[in-house]
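Engineer: What follows is work.txt, made up of compact mmCIF, C-alpha atoms:
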# COMPACT_ATOMS: atom_id res chain seq x y z
CA MET A 1 32.46 -61.81 117.21
CA ALA A 2 28.99 -60.39 116.51
CA ASP A 3 27.21 -58.42 119.20
CA THR A 4 24.25 -60.77 118.83
CA THR A 5 26.06 -63.52 120.75
CA LYS A 6 26.23 -63.54 124.54
CA LYS A 7 28.35 -65.51 127.00
CA MET A 8 26.67 -66.85 130.15
CA THR A 9 29.86 -68.16 131.72
CA SER A 10 30.50 -65.15 133.96
CA GLY A 11 28.44 -62.65 135.89
CA SER A 12 25.43 -62.94 138.20
CA PRO A 13 23.37 -66.08 137.41
CA MET A 14 20.20 -64.28 138.56
CA LYS A 15 20.81 -61.36 136.21
CA LEU A 16 21.77 -63.59 133.29
CA ILE A 17 18.84 -65.98 133.77
CA LEU A 18 16.34 -63.13 134.00
CA GLY A 19 17.88 -61.29 131.07
CA PHE A 20 17.80 -64.39 128.88
CA SER A 21 14.44 -65.80 129.95
CA ILE A 22 12.33 -62.61 129.82
CA PRO A 23 12.57 -62.20 126.02
CA MET A 24 11.83 -65.91 125.64
CA LEU A 25 8.88 -65.56 127.98
CA ALA A 26 7.47 -62.74 125.88
CA GLY A 27 7.64 -64.96 122.82
CA LEU A 28 6.10 -67.94 124.57
CA LEU A 29 3.28 -65.81 125.96
CA PHE A 30 2.49 -64.42 122.56
CA GLN A 31 2.69 -67.90 121.06
CA GLN A 32 0.20 -69.13 123.61
CA MET A 33 -1.85 -65.99 123.01
CA TYR A 34 -2.49 -66.94 119.42
CA SER A 35 -3.16 -70.51 120.52
CA LEU A 36 -5.75 -69.06 122.90
CA VAL A 37 -7.22 -67.01 120.09
CA ASP A 38 -7.52 -70.20 118.03
CA THR A 39 -9.41 -71.82 120.87
CA ILE A 40 -11.60 -68.79 121.60
CA ILE A 41 -12.63 -68.42 117.97
CA VAL A 42 -13.24 -72.14 117.56
CA GLY A 43 -15.19 -72.43 120.81
CA GLN A 44 -17.29 -69.32 120.35
CA THR A 45 -17.98 -69.56 116.61
CA LEU A 46 -17.88 -73.27 115.78
CA GLY A 47 -19.25 -74.70 119.05
CA LYS A 48 -18.18 -77.09 121.79
CA ASP A 49 -17.84 -80.11 119.47
CA ALA A 50 -15.31 -78.25 117.32
CA LEU A 51 -13.52 -77.15 120.49
CA ALA A 52 -13.42 -80.76 121.68
CA ALA A 53 -12.20 -81.92 118.24
CA VAL A 54 -9.21 -79.57 118.32
CA GLY A 55 -8.55 -80.38 121.98
CA SER A 56 -8.66 -84.13 121.41
CA THR A 57 -5.59 -83.82 119.17
CA GLY A 58 -3.50 -82.07 121.82
CA SER A 59 -1.69 -85.12 123.13
CA ILE A 60 -0.90 -86.62 119.71
CA ASN A 61 0.19 -83.17 118.53
CA PHE A 62 2.55 -82.99 121.48
CA LEU A 63 3.75 -86.53 120.82
CA ILE A 64 4.87 -85.76 117.26
CA ASN A 65 5.70 -82.06 117.25
CA GLY A 66 7.15 -82.37 120.75
CA PHE A 67 9.60 -84.90 119.33
CA CYS A 68 10.50 -82.46 116.55
CA MET A 69 11.07 -79.59 118.99
CA GLY A 70 13.01 -81.86 121.32
CA VAL A 71 15.33 -83.02 118.55
CA CYS A 72 16.03 -79.40 117.57
CA SER A 73 16.68 -78.44 121.21
CA GLY A 74 19.04 -81.39 121.53
CA PHE A 75 20.89 -80.42 118.35
CA ALA A 76 21.47 -76.95 119.84
CA ILE A 77 23.21 -78.29 122.97
CA PRO A 78 26.55 -79.23 121.31
CA VAL A 79 26.49 -75.82 119.62
CA ALA A 80 26.14 -74.10 123.01
CA GLN A 81 28.89 -76.25 124.51
CA ARG A 82 31.34 -75.53 121.69
CA PHE A 83 30.48 -71.85 121.88
CA GLY A 84 31.16 -71.83 125.61
CA ALA A 85 34.47 -73.61 124.98
CA GLU A 86 35.28 -71.10 122.19
CA SER A 87 35.77 -73.97 119.72
CA TYR A 88 34.14 -72.19 116.78
CA ASP A 89 35.23 -74.43 113.90
CA SER A 90 33.68 -77.46 115.57
CA MET A 91 30.61 -75.38 116.43
CA ARG A 92 30.03 -74.51 112.76
CA LYS A 93 30.39 -78.16 111.80
CA PHE A 94 27.71 -79.04 114.34
CA VAL A 95 25.42 -76.37 112.89
CA GLY A 96 25.81 -77.64 109.32
CA ASN A 97 25.28 -81.26 110.30
CA ALA A 98 22.25 -80.33 112.39
CA VAL A 99 20.60 -78.66 109.39
CA VAL A 100 21.13 -81.72 107.18
CA LEU A 101 19.87 -84.15 109.83
CA SER A 102 16.83 -81.98 110.55
CA GLY A 103 15.86 -82.05 106.88
CA MET A 104 16.05 -85.84 106.84
CA PHE A 105 14.00 -86.21 110.02
CA ALA A 106 11.38 -83.75 108.74
CA VAL A 107 10.72 -85.65 105.51
CA ILE A 108 10.50 -89.07 107.16
CA LEU A 109 8.21 -87.94 109.99
CA THR A 110 5.87 -85.98 107.72
CA VAL A 111 5.29 -88.97 105.46
CA LEU A 112 4.77 -91.46 108.28
CA VAL A 113 2.39 -89.49 110.49
CA SER A 114 0.34 -88.23 107.56
CA ILE A 115 -0.32 -91.81 106.46
CA PHE A 116 -1.33 -93.09 109.89
CA CYS A 117 -3.01 -89.96 111.29
CA TYR A 118 -6.64 -91.15 111.15
CA ASP A 119 -5.75 -94.59 112.47
CA ILE A 120 -4.10 -93.01 115.49
CA LEU A 121 -7.22 -90.97 116.26
CA GLU A 122 -9.32 -94.14 116.11
CA ILE A 123 -6.93 -95.99 118.41
CA MET A 124 -7.24 -93.07 120.85
CA ASN A 125 -11.00 -93.69 121.08
CA THR A 126 -11.80 -90.22 119.72
CA PRO A 127 -15.61 -89.76 119.94
CA ASP A 128 -17.45 -90.35 116.65
CA ASN A 129 -19.06 -86.91 116.67
CA ILE A 130 -15.69 -85.12 116.60
CA ILE A 131 -13.24 -87.49 114.88
CA ASN A 132 -13.60 -86.07 111.36
CA GLU A 133 -12.99 -82.52 112.51
CA ALA A 134 -10.09 -83.71 114.66
CA TYR A 135 -8.56 -85.35 111.59
CA SER A 136 -9.06 -82.24 109.44
CA TYR A 137 -7.16 -80.18 112.01
CA ILE A 138 -4.27 -82.44 112.94
CA PHE A 139 -3.54 -83.67 109.40
CA ILE A 140 -2.73 -80.11 108.31
CA ILE A 141 -0.63 -79.53 111.43
CA PHE A 142 1.40 -82.64 110.62
CA LEU A 143 1.96 -81.49 107.03
CA GLY A 144 3.73 -78.53 108.63
CA ILE A 145 6.37 -80.65 110.38
CA PRO A 146 9.16 -79.32 108.11
CA VAL A 147 8.43 -75.72 109.15
CA THR A 148 8.36 -76.84 112.79
CA PHE A 149 11.93 -78.06 112.30
CA LEU A 150 12.88 -74.88 110.45
CA TYR A 151 11.82 -72.50 113.21
CA ASN A 152 12.89 -74.56 116.20
CA LEU A 153 16.34 -75.37 114.83
CA THR A 154 17.18 -71.82 113.77
CA ALA A 155 15.79 -70.39 117.02
CA GLY A 156 17.63 -73.04 119.07
CA ILE A 157 20.95 -72.25 117.41
CA MET A 158 20.57 -68.52 118.05
CA ARG A 159 19.65 -69.14 121.68
CA SER A 160 22.66 -71.43 122.11
CA LEU A 161 24.82 -68.44 121.20
CA GLY A 162 23.10 -66.29 123.81
CA ASP A 163 20.55 -64.48 121.61
CA SER A 164 17.05 -65.09 122.96
CA ARG A 165 15.66 -61.76 121.75
CA THR A 166 15.70 -62.25 117.98
CA PRO A 167 13.80 -65.57 117.83
CA THR A 168 11.28 -64.00 120.19
CA PHE A 169 10.78 -61.02 117.91
CA PHE A 170 10.07 -63.24 114.92
CA LEU A 171 7.74 -65.38 117.01
CA LEU A 172 5.82 -62.26 118.03
CA MET A 173 5.53 -61.27 114.41
CA ALA A 174 4.35 -64.74 113.41
CA SER A 175 1.83 -64.77 116.27
CA ALA A 176 0.25 -61.56 115.03
CA ILE A 177 0.04 -63.02 111.54
CA ASN A 178 -1.54 -66.16 112.96
CA ILE A 179 -4.30 -64.21 114.69
CA VAL A 180 -5.15 -62.28 111.53
CA LEU A 181 -5.19 -65.50 109.48
CA ASP A 182 -7.41 -67.19 112.09
CA LEU A 183 -10.03 -64.51 111.67
CA LEU A 184 -9.73 -64.65 107.90
CA PHE A 185 -9.86 -68.43 107.53
CA ILE A 186 -12.51 -69.19 110.16
CA ILE A 187 -14.88 -66.22 110.11
CA VAL A 188 -14.48 -64.82 106.58
CA LEU A 189 -13.67 -67.91 104.51
CA GLY A 190 -15.53 -70.41 106.71
CA LEU A 191 -12.84 -73.09 106.65
CA GLY A 192 -13.89 -74.55 110.01
CA VAL A 193 -11.24 -76.27 112.14
CA SER A 194 -8.90 -76.44 109.13
CA GLY A 195 -8.54 -72.66 109.36
CA PRO A 196 -6.47 -72.41 112.55
CA ALA A 197 -4.31 -75.33 111.41
CA ILE A 198 -3.46 -73.61 108.11
CA ALA A 199 -2.83 -70.34 109.95
CA THR A 200 -0.44 -72.06 112.36
CA VAL A 201 1.64 -73.63 109.58
CA ILE A 202 1.87 -70.39 107.58
CA SER A 203 2.84 -68.26 110.58
CA GLN A 204 5.50 -70.73 111.69
CA LEU A 205 6.92 -70.75 108.16
CA VAL A 206 7.22 -66.97 108.34
CA ALA A 207 9.01 -67.18 111.73
CA GLY A 208 11.43 -69.89 110.58
CA THR A 209 12.28 -68.17 107.31
CA SER A 210 12.85 -64.88 109.12
CA CYS A 211 15.22 -66.55 111.60
CA LEU A 212 17.17 -68.14 108.76
CA ILE A 213 17.59 -64.86 106.86
CA TYR A 214 18.62 -63.03 110.04
CA MET A 215 21.21 -65.66 110.94
CA ARG A 216 22.82 -65.43 107.51
CA LYS A 217 23.12 -61.64 107.75
CA LYS A 218 23.85 -60.98 111.43
CA PHE A 219 25.87 -63.97 112.68
CA PRO A 220 29.28 -63.97 110.96
CA ILE A 221 30.35 -66.64 113.43
CA LEU A 222 27.85 -68.97 111.69
CA ARG A 223 29.09 -68.49 108.14
CA LEU A 224 29.59 -72.08 107.10
CA CYS A 225 31.99 -73.45 104.50
CA LYS A 226 31.23 -76.32 102.12
CA ASN A 227 32.83 -78.89 104.42
CA ASP A 228 30.58 -77.93 107.32
CA TRP A 229 27.57 -79.34 105.46
CA LYS A 230 29.10 -82.78 105.01
CA LEU A 231 27.93 -85.28 107.62
CA GLY A 232 30.90 -86.19 109.77
CA LYS A 233 30.95 -89.36 111.84
CA HIS A 234 31.86 -87.66 115.12
CA HIS A 235 29.53 -84.66 114.76
CA THR A 236 26.61 -86.70 113.43
CA ALA A 237 26.94 -89.23 116.24
CA ALA A 238 27.11 -86.47 118.86
CA LEU A 239 24.03 -84.72 117.45
CA ILE A 240 21.99 -87.91 117.23
CA ASN A 241 23.17 -88.94 120.67
CA MET A 242 21.85 -85.64 122.01
CA GLY A 243 18.88 -84.92 119.75
CA ILE A 244 17.11 -88.29 119.68
CA PRO A 245 17.02 -88.73 123.49
CA PHE A 246 15.88 -85.11 123.81
CA GLY A 247 13.07 -85.74 121.35
CA LEU A 248 12.17 -89.10 122.85
CA GLN A 249 11.89 -87.49 126.26
CA TYR A 250 9.11 -85.30 124.89
CA SER A 251 7.49 -88.23 123.11
CA ILE A 252 7.73 -90.61 126.04
CA THR A 253 6.08 -87.98 128.21
CA ALA A 254 3.47 -87.52 125.50
CA ILE A 255 2.75 -91.25 125.34
CA GLY A 256 1.44 -90.98 128.88
CA SER A 257 -0.65 -88.00 127.77
CA VAL A 258 -2.01 -90.00 124.83
CA ILE A 259 -2.99 -92.85 127.16
CA LEU A 260 -4.62 -90.37 129.51
CA GLN A 261 -6.37 -88.60 126.62
CA THR A 262 -7.75 -91.95 125.48
CA ALA A 263 -9.22 -92.47 128.95
CA VAL A 264 -10.67 -88.94 128.96
CA ASN A 265 -12.14 -89.46 125.48
CA GLY A 266 -14.08 -92.36 126.95
CA LEU A 267 -15.77 -89.92 129.35
CA GLY A 268 -17.41 -88.09 126.45
CA SER A 269 -16.99 -84.84 124.51
CA ASP A 270 -17.96 -82.65 127.51
CA ALA A 271 -15.00 -84.01 129.47
CA VAL A 272 -12.73 -83.47 126.46
CA ALA A 273 -13.97 -79.87 126.09
CA SER A 274 -13.38 -79.25 129.82
CA ILE A 275 -9.79 -80.49 129.65
CA THR A 276 -9.23 -78.52 126.43
CA ALA A 277 -10.39 -75.21 127.92
CA GLY A 278 -8.49 -75.74 131.18
CA ALA A 279 -5.34 -76.87 129.39
CA LYS A 280 -5.32 -73.79 127.15
CA ILE A 281 -5.25 -71.50 130.17
CA SER A 282 -2.73 -73.72 131.93
CA MET A 283 -0.41 -73.72 128.92
CA PHE A 284 -0.50 -69.93 128.93
CA VAL A 285 0.25 -69.41 132.61
CA VAL A 286 3.08 -71.99 132.72
CA CYS A 287 5.07 -70.21 130.01
CA PRO A 288 7.54 -68.82 132.62
CA PHE A 289 8.51 -72.41 133.49
CA ASP A 290 9.14 -73.18 129.82
CA ALA A 291 11.25 -70.04 129.51
CA LEU A 292 13.27 -70.88 132.63
CA GLY A 293 13.83 -74.42 131.38
CA ALA A 294 15.04 -73.33 127.94
CA THR A 295 17.25 -70.70 129.60
CA MET A 296 18.88 -73.35 131.78
CA ALA A 297 19.64 -75.53 128.76
CA THR A 298 21.74 -72.71 127.28
CA PHE A 299 23.14 -71.64 130.67
CA ALA A 300 24.20 -75.19 131.54
CA GLY A 301 25.53 -75.91 128.04
CA GLN A 302 27.77 -72.86 127.92
CA ASN A 303 29.04 -73.30 131.48
CA ILE A 304 29.81 -76.98 131.02
CA GLY A 305 31.70 -76.03 127.88
CA ALA A 306 33.69 -73.68 130.14
CA LYS A 307 33.99 -76.48 132.77
CA GLN A 308 32.14 -74.54 135.48
CA VAL A 309 30.04 -77.22 137.15
CA ASP A 310 29.28 -75.36 140.39
CA ARG A 311 27.87 -72.49 138.38
CA VAL A 312 25.30 -74.85 136.83
CA LYS A 313 24.04 -75.93 140.26
CA LYS A 314 23.82 -72.32 141.42
CA GLY A 315 21.94 -71.36 138.27
CA ALA A 316 19.43 -74.20 138.66
CA TRP A 317 18.47 -73.19 142.20
CA THR A 318 18.33 -69.52 141.22
CA ALA A 319 15.86 -70.42 138.47
CA GLN A 320 13.87 -72.59 140.90
CA LEU A 321 13.55 -69.67 143.31
CA LEU A 322 12.13 -67.53 140.52
CA GLY A 323 9.77 -70.34 139.48
CA SER A 324 8.53 -70.89 143.03
CA ILE A 325 7.70 -67.22 143.58
CA TYR A 326 5.74 -67.17 140.35
CA SER A 327 3.93 -70.42 141.23
CA VAL A 328 2.45 -68.96 144.39
CA ALA A 329 1.31 -65.81 142.60
CA ILE A 330 -0.34 -67.65 139.70
CA PHE A 331 -2.22 -70.05 141.98
CA ALA A 332 -3.80 -67.07 143.74
CA PHE A 333 -4.73 -65.55 140.38
CA ILE A 334 -6.37 -68.75 139.12
CA PHE A 335 -8.22 -69.28 142.40
CA PHE A 336 -9.94 -65.90 142.11
CA PHE A 337 -10.20 -65.43 138.34
CA GLY A 338 -10.11 -68.93 136.82
CA LYS A 339 -13.84 -69.17 136.08
CA ILE A 340 -13.86 -65.74 134.47
CA LEU A 341 -11.03 -66.77 132.13
CA LEU A 342 -12.91 -69.91 131.13
CA LEU A 343 -15.77 -67.80 129.79
CA LEU A 344 -13.43 -66.85 126.95
CA PHE A 345 -13.84 -70.36 125.57
CA ILE A 346 -17.14 -71.65 126.90
CA SER A 347 -20.61 -70.14 126.97
CA SER A 348 -21.79 -69.32 130.50
CA SER A 349 -24.68 -71.74 129.94
CA GLU A 350 -22.24 -74.70 129.87
CA LYS A 351 -21.99 -74.83 133.66
CA VAL A 352 -20.78 -78.45 133.91
CA ILE A 353 -17.88 -77.83 131.52
CA ILE A 354 -16.90 -74.61 133.34
CA GLU A 355 -16.92 -76.33 136.75
CA GLN A 356 -14.86 -79.26 135.48
CA ALA A 357 -12.35 -77.00 133.74
CA TYR A 358 -11.99 -74.92 136.92
CA MET A 359 -11.30 -78.09 138.93
CA PHE A 360 -8.61 -79.00 136.41
CA LEU A 361 -6.99 -75.56 136.73
CA LEU A 362 -6.96 -75.63 140.54
CA ALA A 363 -5.48 -79.12 140.71
CA ASN A 364 -2.69 -78.14 138.30
CA SER A 365 -1.91 -74.72 139.76
CA LEU A 366 -1.49 -76.19 143.25
CA ALA A 367 1.41 -78.22 141.85
CA TYR A 368 3.09 -75.61 139.65
CA ILE A 369 6.14 -75.46 141.94
CA LEU A 370 6.71 -79.11 141.02
CA LEU A 371 6.37 -78.30 137.31
CA ALA A 372 8.92 -75.50 137.66
CA ALA A 373 11.42 -78.00 139.05
CA VAL A 374 10.68 -80.51 136.26
CA ASN A 375 11.54 -77.97 133.57
CA ILE A 376 14.51 -76.38 135.30
CA PHE A 377 16.32 -79.53 136.42
CA ARG A 378 15.50 -81.53 133.30
CA PHE A 379 16.81 -78.88 130.92
CA SER A 380 19.86 -78.29 133.11
CA ILE A 381 20.72 -81.98 132.92
CA GLN A 382 20.23 -81.97 129.16
CA GLY A 383 22.32 -78.84 128.75
CA MET A 384 25.10 -80.59 130.63
CA GLY A 385 25.04 -83.32 127.99
CA PHE A 386 23.16 -86.11 129.83
CA SER A 387 20.19 -86.34 127.48
CA HIS A 388 19.92 -90.13 127.91
CA PHE A 389 19.68 -89.70 131.65
CA ALA A 390 16.94 -87.08 131.33
CA ILE A 391 14.83 -89.50 129.29
CA LEU A 392 14.16 -91.46 132.46
CA ALA A 393 12.27 -88.47 133.84
CA GLY A 394 9.99 -88.67 130.82
CA VAL A 395 9.52 -92.37 131.54
CA MET A 396 8.51 -91.50 135.09
CA GLU A 397 5.91 -89.00 133.81
CA MET A 398 4.59 -91.54 131.32
CA LEU A 399 4.20 -94.17 134.02
CA ALA A 400 2.44 -91.70 136.30
CA ARG A 401 -0.10 -90.60 133.68
CA SER A 402 -0.68 -94.20 132.62
CA LEU A 403 -1.26 -95.17 136.24
CA VAL A 404 -3.86 -92.44 136.60
CA ALA A 405 -5.52 -93.41 133.30
CA PHE A 406 -5.84 -97.07 134.25
CA THR A 407 -6.75 -96.66 137.92
CA LEU A 408 -8.06 -93.23 138.97
CA VAL A 409 -10.05 -92.36 135.84
CA PRO A 410 -12.10 -95.61 135.91
CA LEU A 411 -12.70 -95.16 139.65
CA PHE A 412 -13.33 -91.42 139.91
CA GLY A 413 -14.01 -90.29 136.34
CA PHE A 414 -13.10 -86.66 135.60
CA LYS A 415 -11.90 -86.04 139.17
CA GLY A 416 -9.33 -88.79 138.70
CA ALA A 417 -8.16 -87.35 135.37
CA ILE A 418 -7.28 -83.94 136.83
CA LEU A 419 -4.72 -85.54 139.15
CA ALA A 420 -2.63 -86.85 136.24
CA ASN A 421 -0.30 -83.86 135.82
CA PRO A 422 0.49 -83.31 139.54
CA VAL A 423 1.23 -87.03 140.00
CA ALA A 424 3.45 -87.01 136.90
CA TRP A 425 5.42 -83.99 138.14
CA ILE A 426 6.00 -85.63 141.52
CA PHE A 427 7.34 -88.76 139.86
CA ALA A 428 9.68 -86.73 137.63
CA ASP A 429 11.05 -84.51 140.42
CA ILE A 430 11.88 -87.49 142.61
CA PHE A 431 14.22 -88.54 139.83
CA LEU A 432 15.48 -85.20 138.45
CA ILE A 433 16.64 -83.25 141.51
CA PRO A 434 19.08 -85.86 142.82
CA GLY A 435 19.89 -86.64 139.18
CA LEU A 436 21.34 -83.17 138.65
CA TYR A 437 23.80 -83.68 141.49
CA ARG A 438 24.76 -87.09 140.16
CA CYS A 439 25.53 -85.58 136.76
CA CYS A 440 27.53 -82.77 138.33
CA LYS A 441 29.62 -85.25 140.26
CA VAL A 442 30.38 -87.21 137.09
CA LEU A 443 31.51 -84.07 135.30
CA GLU A 444 33.59 -82.85 138.23
CA LYS A 445 35.52 -86.11 138.20
CA ARG A 446 35.92 -86.00 134.43
CA PHE A 447 37.22 -82.42 134.40
CA ALA A 448 39.53 -83.09 137.35
CA LYS A 449 41.04 -86.04 135.51
CA GLU A 450 41.53 -83.93 132.40
CA MET A 451 43.37 -81.28 134.42
CA GLY A 452 45.45 -83.86 136.25
CA HIS A 453 43.87 -83.20 139.64
CA GLU A 454 41.99 -85.37 142.08
CA PHE A 455 39.04 -84.43 144.22
Before we go any further, please render this structure as structure tokens.

Structural biologist:
Amino acid sequence: MADTTKKMTSGSPMKLILGFSIPMLAGLLFQQMYSLVDTIIVGQTLGKDALAAVGSTGSINFLINGFCMGVCSGFAIPVAQRFGAESYDSMRKFVGNAVVLSGMFAVILTVLVSIFCYDILEIMNTPDNIINEAYSYIFIIFLGIPVTFLYNLTAGIMRSLGDSRTPTFFLLMASAINIVLDLLFIIVLGLGVSGPAIATVISQLVAGTSCLIYMRKKFPILRLCKNDWKLGKHHTAALINMGIPFGLQYSITAIGSVILQTAVNGLGSDAVASITAGAKISMFVVCPFDALGATMATFAGQNIGAKQVDRVKKGAWTAQLLGSIYSVAIFAFIFFFGKILLLLFISSSEKVIIEQAYMFLLANSLAYILLAAVNIFRFSIQGMGFSHFAILAGVMEMLARSLVAFTLVPLFGFKGAILANPVAWIFADIFLIPGLYRCCKVLEKRFAKEMGHEF
């Protein structure tokens, strides 16, 4: 077996979770870094309307590309489980089938969303003064859906085998390329908001292609035969059963964000710019929660493959401890330095936007412990194989954001909008934390029956 794989079925959960999540965190931070650079360049060189135009597409971007990333993450779960169970022939069949299915999904989604892109922006009540720029940006992003699948599937497969370092390295490389292309396309070539979109697609193509080449050379365990590429009834059904709910969970959550974004759009472009600037900083500082969540998907998948249910529960609470410590520290940082960070995106003369963005950051950072739990427990449940069950958490978030959009935003305006994320995280945690124990109990009974024992 290649040294690039790593088992997470034995050893200290704390050590394994930290060792796996830190490389992922580095990649996520750098990924958000180039997203921040996009926003800084757009805000400082193209103005607040361009910043609002790019920001207004955030929820629909998450709706579509979140589905793509979710499907790829779901496809990686059976791979992790078979790897943990040391069933390598079945694992390779899952990999081959996942590649074929991803190609099919990529083509269908690209065609559909490209056709209806402008109509969606109109339905979302995007302000007239920014809708054309918003369309120019998001249309190019959607044309890059196939490369989104390429990177996320190859990276997900490598992570399922315990290698979180290599995908991170290629993401770092792509991030650096993205920053250089941003400067070239926006400042030198004057492509406007289309520039960062083109840069994003190109850099992700580089990352995905690099992952694919590396896998072929360095993972002998993934050398597929001709039969592995043929769609098999059992493997296809298992992948779809895992991938679609995983993707829908992202999309269902995003539907609530789209509804909320529509309400915020009705408050005007200043409100949109405030949310955009605050969200960019928030997305950067919450990267540790994303890394812990993705780590727990692999940790849970491998350990369930090895039938070690108690180890999954221990790992989830270990990750939550790490997330809680970080949450306290980052709230203090935002409290003292949040306004200074916002000056990266907004001119100091835009005092209303800065104040509103700071309010958004404070409201979110106060609830980051809740967000840590959402990511950790949701991904643990999905890694255990209960992707349908985890969808309900996305439904809870959607309902919460919709409730805020229809009640608090009309009543309190921007102050109501900034409560959307904390309320959504509360709704999700009420469901997810007891849900993990329910799933563990189901698996304990199933494994006991398989071994001929009774609890």

Engineer: My list of candidates is A:Leu260, A:Leu224, A:Val100, A:Leu143. Which is closest to Ala424 of chain A when distances are computed with all atoms listed in the file?

Structural biologist: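 Nearest candidate to Ala424 of chain A out of A:Leu260, A:Leu224, A:Val100, A:Leu143: A:Leu260.
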
Engineer: So that I can see what lies close to Glu133 of chain A, please list as JSON, numbers by chain the residues with an atom at most 9 Å from it, counting all atoms listed in the file and leaving out residues fewer than 4 positions away in the same chain.

Structural biologist: {"A": [49, 50, 53, 54, 129, 137, 138, 192, 193, 194]}

Engineer: For Ala329 of chain A, which of A:Leu366, A:Val79, A:Ile304, A:Val374 is the closest residue, counting all atoms listed in the file?

Structural biologist: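 For Ala329 of chain A, the nearest of the given residues is A:Leu366.
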
Engineer: Just give me the gap between atom CA of Met398 of chain A and atom CA of Ile255 of chain A in Å, one decimal is fine.

Structural biologist: 6.3 Å

Engineer: Please determine, counting only C-alpha atoms, which residue among A:Ala390, A:Ala357, A:Val188, A:Ile252 has the shortest atom-to-atom distance to Arg378 of chain A.

Structural biologist: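 For Arg378 of chain A, the nearest of the given residues is A:Ala390.
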
Engineer: Nearest to Ala297 of chain A: which of A:Asn65, A:Ser160, A:Thr9, A:Ser90 is it, counting only C-alpha atoms?

Structural biologist: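 Nearest candidate to Ala297 of chain A out of A:Asn65, A:Ser160, A:Thr9, A:Ser90: A:Ser160.
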
Engineer: Within 8 Å of Ala174 of chain A, counting only C-alpha atoms, which residues qualify if same-chain residues fewer than 5 places away don't, as a VMD selection string?

Structural biologist: chain A and resid 203 to 204 206 to 207

Engineer: Go through A:Ala80, A:Ile426, A:Ile334, A:Ala417 and flag the residue nearest Lys7 of chain A, using all atoms listed in the file for the distances.

Structural biologist: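 Checking each candidate against Lys7 of chain A, we get A:Ala80 as the closest.
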
Engineer: Counting only C-alpha atoms, which residue out of A:Val309, A:Cys211, A:Gln382, A:Leu371 sits closest to Val442 of chain A?

Structural biologist: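 Of all the options, A:Val309 lies closest to Val442 of chain A.
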
Engineer: By how many Å are atom CA of Leu292 of chain A and atom CA of Trp425 of chain A apart?

Structural biologist: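 Result for atom CA of Leu292 of chain A versus atom CA of Trp425 of chain A: 16.2 Å, one decimal.
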
Engineer: Interatomic distance between atom CA of Gly70 of chain A and atom CA of Gly58 of chain A?

Structural biologist: 16.5 Å

Engineer: Need the shell around Ile130 of chain A: protein/DNA/RNA residues with any atom at most 12 Å away, counting only C-alpha atoms. Skip same-chain ones fewer than 4 positions apart. Format as a list in words?

Structural biologist: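 Everything that qualifies: Gly47, Lys48, Asp49, Ala50, Leu51, Ala52, Ala53, Val54, Gly55, Ser56, Thr57, Leu121, Glu122, Asn125, Thr126, Ala134, Tyr135, Ser136, Tyr137, Val193, Asn265, Gly268, Ser269, Asp270, Val272 and Ala273 of chain A.
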
Engineer: Mind dumping a table of every segment 168-242 of chain A residue within 10 Å of segment 383-387 of chain A, with the nearest atom pair and its distance in Å to one decimal, using all atoms listed in the file, sorted by chain and rising number, as a Markdown table?

Structural biologist:
| residue | atom | partner | partner_atom | distance |
| --- | --- | --- | --- | --- |
| A:Ala238 | CA | A:Gly385 | CA | 9.9 |
| A:Asn241 | CA | A:Ser387 | CA | 7.9 |
| A:Met242 | CA | A:Ser387 | CA | 5.8 |

Engineer: Any idea what's packed within 9 Å of Ala294 of chain A, counting all atoms listed in the file, ignoring anything in its chain fewer than 6 positions away? Could you give it as a compact mmCIF listing (two decimals) with C-alpha atoms, in the frame of the given file?

Structural biologist:
# COMPACT_ATOMS: atom_id res chain seq x y z
CA SER A 21 14.44 -65.80 129.95
CA MET A 24 11.83 -65.91 125.64
CA SER A 73 16.68 -78.44 121.21
CA ARG A 159 19.65 -69.14 121.68
CA ASN A 375 11.54 -77.97 133.57
CA ILE A 376 14.51 -76.38 135.30
CA PHE A 379 16.81 -78.88 130.92
CA SER A 380 19.86 -78.29 133.11

Engineer: Please identify all polymer residues within 12 Å of Leu399 of chain A, counting all atoms listed in the file, omitting same-chain residues fewer than 3 positions from it, and present them as an MDAnalysis selection string.

Structural biologist: chainID A and resid 252:260 392:396 402:407 420:421 423:428

Engineer: What would segment 145-150 of chain A look like with N, CA and C atoms in place, written as a tab-separated table (two decimals), keeping the file's coordinate frame?

Structural biologist:
chain	number	residue	atom	x	y	z
A	145	ILE	N	5.20	-80.20	109.61
A	145	ILE	CA	6.37	-80.65	110.38
A	145	ILE	C	7.68	-80.03	109.88
A	146	PRO	N	7.91	-79.95	108.56
A	146	PRO	CA	9.16	-79.32	108.11
A	146	PRO	C	9.35	-77.89	108.61
A	147	VAL	N	8.27	-77.09	108.66
A	147	VAL	CA	8.43	-75.72	109.15
A	147	VAL	C	8.60	-75.69	110.66
A	148	THR	N	8.09	-76.72	111.36
A	148	THR	CA	8.36	-76.84	112.79
A	148	THR	C	9.85	-77.03	113.02
A	149	PHE	N	10.48	-77.89	112.22
A	149	PHE	CA	11.93	-78.06	112.30
A	149	PHE	C	12.66	-76.78	111.95
A	150	LEU	N	12.20	-76.09	110.90
A	150	LEU	CA	12.88	-74.88	110.45
A	150	LEU	C	12.95	-73.84	111.56
